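Some notes on the structure that comes next.
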Amino acid sequence: MKNISICVGSSCHLKGSYKIIELAKAYIAEHNLEDKVNLGAAFCLGRCTDGVSVKIDDEIICGVSEGNFRQIFDEKVLADLS
Amino acid sequence: MMNSKAFSFCTDIGYLSVNKHDEQLCGDHVELVEQDENSIVFVLADGLGSGVKASILSTLTSKIISTMMANSMSVEDCVATMAATLPVCDVRKVAYSTFTIIRVVNNKEAEIIQYDNPQVIMLRDGKNYDYPKTINQIDGKTIYHSKIPLKLDDTFITTSDGAIYAGVGSSLNFGWQRDNIIEFMEGVYDREYSAKALATILLDECVRLYGGSPGDDTTVGVIKIREREQVNLMIGPPSDPKDLNKMLTLFFSKEGKHIVCGGTTSTLTGQFLGKPVIPCLDYISPDIPPMATIEGVDLVTEGVVTISRVLDYAKDYLGENKLYDDWTILQDGASCIARMLFEDATDINFYVGRAVNAAHQNPNLPITFNIKMQLVDELSKCLKSMGKKIKVSYF
């Protein structure tokens, strides 16, 4: 089980939290991970200068964007679960 | 006990006008003066004719009356001063403006003085209430005078004659009589509606009956007696972290609803209350960050982005009122705050923390410390214009 929280604080929101949440939902559906991933939001992870911040279990990953989303999720989520 | 209860009442006032088609100026004018904390004078004047002449007459009339009444001068003096001051119309050889005065004294009694405008409609518990009137002659003018002890939810609806002429010759043969307006307002009445909402509903109906092109300036003013309701809003952590406990203790010791805005502020509030902050994942509108919940807090939202949208709504509400259907229905953070502040609250306390969020001092981000302070400043000005009592405390 993976716990993923996507930051929706002011800075991350302005850098595109909405898009990342949509991508994450689509990613989970695409790989049938509904039972293996707990997707939630976070109210400011305290890394505002380098958003969008995503917390995967105990690790905070900064600077998540549409461009690097798939690479990060393949590496940190899918690889660990399979 | 009766007295102390009456003092917890306050007035909720909303008014708006549409101009006669093709006119730039409105010949109706509303003036509102706060005599003291619990007493107001509301004057609706309708100047003879339309356009600039009518506008001058009604503006002068309502200004003179409201200023004089607020200084406790008699109706006779007001009418005499008006008659001596108003410019005489070249065409009609008269100086003429009708008026309705509604004066609420200590939030306990309404005094209504009416000259030639459609008679004020009063709803008590949502039903028409036929209040007593006495007739006076002042300077050859027939003036109706009433004094009414107030009850909670009493609603006074005043209109210029444009409202009762709505639909003449087009959608209705004889216009919209006072009885029709009463029936309509009894039908739409809901005690949850604000004065502004009721006024908007009635004016929209008039414009509809006019087929979208009003044949006369039309104004609707609504005064509603309601209970005071306090709302407290906190945004930002204090500049000195040592003041955090003091700020939160003061904030939560206040009666009424509590709104917490800002990610860091919410996290600190959760720690203070010993309750988890549970953010919601779903964006209701892509522009406004999702809300969160903390047990013991009525609303938890993000900070600057949400508040700046609330400010947009406030400015619109005071002006064209085009976004009303958005914020009264949508469930995003900004709309929820707007409803709580604009419709529910009569007294609002802002708790503003002046901590600078280091992360926001980033040239790539359109949010700065100054913007937060400006937002609160502007928002409290707008809320004051809505007739709310505002207190801002900085930490």
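How things are named: the first chain in the structure tokens is A, the next is B, and so on; residues count from 1 in each chain; ligands count from 1 in the order shown.
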Enumerate, in order of chain and increasing residue number, the residues of chain A with an atom no farther than 9 Å from chain B, each with its shortest atom pair and distance in Å to one decimal, counting only C-alpha atoms, as CSV.
residue,atom,partner,partner_atom,distance
A:Ser5,CA,B:Leu281,CA,8.8
A:Ile6,CA,B:Leu281,CA,8.2
A:Val8,CA,B:Pro289,CA,6.1
A:Gly9,CA,B:Gly263,CA,5.5
A:Ser10,CA,B:Glu302,CA,6.4
A:Ser11,CA,B:Leu365,CA,7.2
A:His13,CA,B:Pro289,CA,6.3
A:Leu14,CA,B:Leu365,CA,7.8
A:Lys15,CA,B:Leu365,CA,8.6
A:Ser17,CA,B:Pro289,CA,8.4
A:Tyr18,CA,B:Pro286,CA,6.2
A:Lys19,CA,B:Pro286,CA,8.6
A:Ile21,CA,B:Leu281,CA,7.8
A:Leu39,CA,B:Leu281,CA,8.0
A:Gly40,CA,B:Leu281,CA,5.5
A:Ala41,CA,B:Leu281,CA,4.8
A:Ala42,CA,B:Pro279,CA,5.8
A:Phe43,CA,B:Gly263,CA,5.0
A:Cys44,CA,B:Gly263,CA,5.0
A:Leu45,CA,B:Gly263,CA,8.5
A:Gly46,CA,B:Thr264,CA,7.9
A:Arg47,CA,B:Ala359,CA,7.4
A:Cys48,CA,B:Ala359,CA,5.1
A:Thr49,CA,B:Ala359,CA,4.9
A:Asp50,CA,B:Ala359,CA,8.5
Same residues, C-alpha atoms, saved as a PDB file, in the first residue's frame:
ATOM      1  CA  SER A   5      -0.526  13.140  -0.909  1.00  0.00           C
ATOM      2  CA  ILE A   6      -0.440  15.943  -3.427  1.00  0.00           C
ATOM      3  CA  VAL A   8      -2.724  21.880  -2.691  1.00  0.00           C
ATOM      4  CA  GLY A   9      -1.243  24.860  -0.784  1.00  0.00           C
ATOM      5  CA  SER A  10      -1.128  28.281  -2.477  1.00  0.00           C
ATOM      6  CA  SER A  11       2.239  27.891  -4.184  1.00  0.00           C
ATOM      7  CA  HIS A  13      -1.808  25.226  -6.538  1.00  0.00           C
ATOM      8  CA  LEU A  14      -0.431  28.041  -8.659  1.00  0.00           C
ATOM      9  CA  LYS A  15       2.158  25.672 -10.099  1.00  0.00           C
ATOM     10  CA  SER A  17      -1.694  20.854  -8.343  1.00  0.00           C
ATOM     11  CA  TYR A  18      -4.997  20.519 -10.181  1.00  0.00           C
ATOM     12  CA  LYS A  19      -3.302  19.016 -13.238  1.00  0.00           C
ATOM     13  CA  ILE A  21      -4.178  15.374  -9.278  1.00  0.00           C
ATOM     14  CA  LEU A  39      -4.412   9.088  -2.982  1.00  0.00           C
ATOM     15  CA  GLY A  40      -5.042  12.227  -0.951  1.00  0.00           C
ATOM     16  CA  ALA A  41      -4.287  15.932  -0.767  1.00  0.00           C
ATOM     17  CA  ALA A  42      -1.967  17.746   1.634  1.00  0.00           C
ATOM     18  CA  PHE A  43      -2.376  21.251   2.974  1.00  0.00           C
ATOM     19  CA  CYS A  44       1.114  22.663   2.428  1.00  0.00           C
ATOM     20  CA  LEU A  45       4.042  20.292   2.765  1.00  0.00           C
ATOM     21  CA  GLY A  46       6.338  23.226   3.554  1.00  0.00           C
ATOM     22  CA  ARG A  47       8.337  23.102   0.311  1.00  0.00           C
ATOM     23  CA  CYS A  48       6.631  26.034  -1.295  1.00  0.00           C
ATOM     24  CA  THR A  49       9.547  27.299  -3.382  1.00  0.00           C
ATOM     25  CA  ASP A  50       9.738  24.125  -5.404  1.00  0.00           C
TER      26      ASP A  50
END
DSSP alpha helix (DSSP H) residues within stretch 243-366 of chain B, as number ranges by chain: B: 244-253, 263-273, 304-318, 324-327, 333-338
Worksheet entry | Selection near A:Gly63, 9 Å with only C-alpha atoms, sequence-local residues under 4 positions removed, as a PyMOL selection string | chain A and resi 49-54+68
Applying 10 Å and only C-alpha atoms, which residues near stretch 17-28 of chain B remain after dropping the ones on its own chain fewer than 5 positions away? List them as a PyMOL selection string.
chain B and resi 44-59+62+97-99+159-162+199-200+203-204+206-207+212-221
Export C-alpha atoms of the chosen residues as a CSV table (one decimal), in the first residue's frame?
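As written to disk, part08.csv reads:
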chain,number,residue,atom,x,y,z
B,44,LEU,CA,-35.8,56.5,-1.4
B,45,ALA,CA,-36.6,59.6,-3.6
B,46,ASP,CA,-38.0,59.6,-7.1
B,47,GLY,CA,-37.5,62.8,-9.0
B,48,LEU,CA,-40.0,64.2,-11.5
B,49,GLY,CA,-39.4,63.0,-15.0
B,50,SER,CA,-36.3,61.1,-15.9
B,51,GLY,CA,-32.6,61.7,-16.8
B,52,VAL,CA,-30.5,64.4,-15.4
B,53,LYS,CA,-33.2,66.6,-14.0
B,54,ALA,CA,-34.9,63.8,-12.1
B,55,SER,CA,-31.5,62.6,-10.9
B,56,ILE,CA,-30.7,66.0,-9.4
B,57,LEU,CA,-34.1,66.3,-7.8
B,58,SER,CA,-34.0,62.9,-6.2
B,59,THR,CA,-30.4,63.2,-5.1
B,62,SER,CA,-32.7,62.1,-0.4
B,97,SER,CA,-39.7,64.6,-5.9
B,98,THR,CA,-41.6,61.9,-4.0
B,99,PHE,CA,-39.9,60.2,-1.1
B,159,THR,CA,-40.2,50.6,-4.5
B,160,SER,CA,-40.3,53.6,-6.8
B,161,ASP,CA,-43.4,53.8,-9.1
B,162,GLY,CA,-41.4,52.2,-11.9
B,199,ALA,CA,-34.5,43.2,-3.7
B,200,THR,CA,-32.7,41.5,-6.7
B,203,LEU,CA,-36.2,44.0,-9.5
B,204,ASP,CA,-35.4,41.2,-11.9
B,206,CYS,CA,-40.0,44.0,-12.9
B,207,VAL,CA,-37.4,44.1,-15.6
B,212,GLY,CA,-36.1,43.8,-20.6
B,213,SER,CA,-36.5,47.5,-21.5
B,214,PRO,CA,-37.9,49.5,-18.5
B,215,GLY,CA,-40.3,52.3,-19.3
B,216,ASP,CA,-39.4,54.1,-16.1
B,217,ASP,CA,-36.5,54.2,-13.6
B,218,THR,CA,-37.2,51.4,-11.2
B,219,THR,CA,-35.7,51.0,-7.7
B,220,VAL,CA,-36.3,48.4,-5.1
B,221,GLY,CA,-35.1,48.7,-1.5
Within 7 Å of B:Ile235 using only C-alpha atoms, minus same-chain residues under 2 positions, as a VMD selection string
chain B and resid 233 237 260 to 262 265 303 351 to 353
Export of prior selection with N, CA and C atoms as a PDB file, in the first residue's frame:
ATOM      1  N   LEU B 233     -12.546  35.264  11.003  1.00  0.00           N
ATOM      2  CA  LEU B 233     -11.702  34.711   9.943  1.00  0.00           C
ATOM      3  C   LEU B 233     -10.233  34.934  10.275  1.00  0.00           C
ATOM      4  N   PRO B 237       0.006  33.022   9.826  1.00  0.00           N
ATOM      5  CA  PRO B 237       0.577  32.896  11.171  1.00  0.00           C
ATOM      6  C   PRO B 237       1.122  34.247  11.651  1.00  0.00           C
ATOM      7  N   VAL B 260     -10.706  29.388   8.881  1.00  0.00           N
ATOM      8  CA  VAL B 260      -9.238  29.433   8.896  1.00  0.00           C
ATOM      9  C   VAL B 260      -8.748  29.351   7.455  1.00  0.00           C
ATOM     10  N   CYS B 261      -7.927  30.333   7.047  1.00  0.00           N
ATOM     11  CA  CYS B 261      -7.432  30.377   5.670  1.00  0.00           C
ATOM     12  C   CYS B 261      -5.924  30.235   5.650  1.00  0.00           C
ATOM     13  N   GLY B 262      -5.425  29.404   4.764  1.00  0.00           N
ATOM     14  CA  GLY B 262      -3.981  29.266   4.569  1.00  0.00           C
ATOM     15  C   GLY B 262      -3.490  27.899   5.004  1.00  0.00           C
ATOM     16  N   THR B 265      -1.344  28.130   8.282  1.00  0.00           N
ATOM     17  CA  THR B 265      -2.246  28.528   9.355  1.00  0.00           C
ATOM     18  C   THR B 265      -3.131  27.356   9.775  1.00  0.00           C
ATOM     19  N   GLY B 303      -5.212  30.044   1.425  1.00  0.00           N
ATOM     20  CA  GLY B 303      -5.204  31.472   1.735  1.00  0.00           C
ATOM     21  C   GLY B 303      -5.414  32.438   0.582  1.00  0.00           C
ATOM     22  N   TYR B 351      -8.536  38.062  11.955  1.00  0.00           N
ATOM     23  CA  TYR B 351      -7.293  37.844  12.687  1.00  0.00           C
ATOM     24  C   TYR B 351      -6.219  37.637  11.640  1.00  0.00           C
ATOM     25  N   VAL B 352      -5.385  38.653  11.465  1.00  0.00           N
ATOM     26  CA  VAL B 352      -4.427  38.617  10.368  1.00  0.00           C
ATOM     27  C   VAL B 352      -3.009  38.458  10.904  1.00  0.00           C
ATOM     28  N   GLY B 353      -2.372  37.355  10.524  1.00  0.00           N
ATOM     29  CA  GLY B 353      -0.987  37.128  10.934  1.00  0.00           C
ATOM     30  C   GLY B 353      -0.054  37.750   9.916  1.00  0.00           C
TER      31      GLY B 353
END
Write out as number ranges by chain each polymer residue whose atoms come within 10 Å of A:Asp57, counting only C-alpha atoms; drop sequence neighbours fewer than 6 positions from it. A: 1-5, 38, 76-77
- Query: In Å, how far is it from atom CA of B:Leu150 to atom CA of B:Val120?
  - Reply: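 Taking atom CA of B:Leu150 as the start and atom CA of B:Val120 as the end point, the length is 15.0 Å.
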Figure out the distance between atom CA of B:Lys257 and atom CA of B:Arg124, please, to one decimal in Å.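 Interatomic distance here is 27.6 Å.
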Here atom CA of B:Ala338 and atom CA of B:Val297 stand apart by 16.4 Å
Q | Neighbour list for A:Leu78 as a VMD selection string, cut-off 10 Å, only C-alpha atoms, skip fewer than 5 positions in-chain | A | chain A and resid 2 27 to 28 31 33 36 to 37 72 to 73
key: Per-residue DSSP, chain A, filtered to strand (DSSP E), as a list in words   =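 Answer for chain A, restricted to strand (DSSP E): Lys2, Asn3, Ile4, Ser5, Ile6, Cys7, Val37, Asn38, Leu39, Gly40, Ala41, Ala42, Val54, Lys55, Ile56, Glu59, Ile60 and Ile61 of chain A.
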Suppose we keep N, CA and C atoms; can you now write the selection as a compact mmCIF listing (two decimals), in the first residue's frame?
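result38.txt, written as the output of this step:
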# COMPACT_ATOMS: atom_id res chain seq x y z
N LYS A 2 0.55 2.13 -0.93
CA LYS A 2 1.29 3.39 -1.00
C LYS A 2 0.38 4.54 -0.59
N ASN A 3 0.89 5.43 0.24
CA ASN A 3 0.14 6.64 0.59
C ASN A 3 0.72 7.82 -0.19
N ILE A 4 -0.10 8.40 -1.03
CA ILE A 4 0.38 9.54 -1.83
C ILE A 4 -0.45 10.77 -1.49
N SER A 5 0.21 11.88 -1.11
CA SER A 5 -0.53 13.14 -0.91
C SER A 5 0.03 14.20 -1.84
N ILE A 6 -0.86 14.87 -2.52
CA ILE A 6 -0.44 15.94 -3.43
C ILE A 6 -0.75 17.27 -2.75
N CYS A 7 0.26 18.14 -2.70
CA CYS A 7 0.08 19.41 -1.99
C CYS A 7 -0.87 20.34 -2.76
N VAL A 37 -3.09 1.96 -3.83
CA VAL A 37 -2.65 3.34 -3.61
C VAL A 37 -3.73 4.13 -2.89
N ASN A 38 -3.31 4.89 -1.90
CA ASN A 38 -4.20 5.76 -1.16
C ASN A 38 -3.90 7.19 -1.59
N LEU A 39 -4.72 7.76 -2.46
CA LEU A 39 -4.41 9.09 -2.98
C LEU A 39 -5.16 10.16 -2.18
N GLY A 40 -4.42 11.15 -1.73
CA GLY A 40 -5.04 12.23 -0.95
C GLY A 40 -4.39 13.56 -1.27
N ALA A 41 -4.89 14.61 -0.61
CA ALA A 41 -4.29 15.93 -0.77
C ALA A 41 -3.55 16.28 0.52
N ALA A 42 -2.64 17.25 0.44
CA ALA A 42 -1.97 17.75 1.63
C ALA A 42 -2.09 19.26 1.64
N VAL A 54 4.87 16.43 -3.85
CA VAL A 54 4.07 15.22 -3.68
C VAL A 54 4.75 14.35 -2.64
N LYS A 55 3.97 13.88 -1.68
CA LYS A 55 4.54 13.03 -0.64
C LYS A 55 4.15 11.59 -0.95
N ILE A 56 5.18 10.75 -1.14
CA ILE A 56 4.90 9.33 -1.39
C ILE A 56 5.45 8.56 -0.19
N GLU A 59 8.51 10.09 1.79
CA GLU A 59 9.41 10.90 0.98
C GLU A 59 8.66 12.05 0.29
N ILE A 60 9.20 13.26 0.42
CA ILE A 60 8.58 14.38 -0.27
C ILE A 60 9.34 14.65 -1.57
N ILE A 61 8.64 14.61 -2.67
CA ILE A 61 9.27 14.85 -3.96
C ILE A 61 8.81 16.22 -4.45
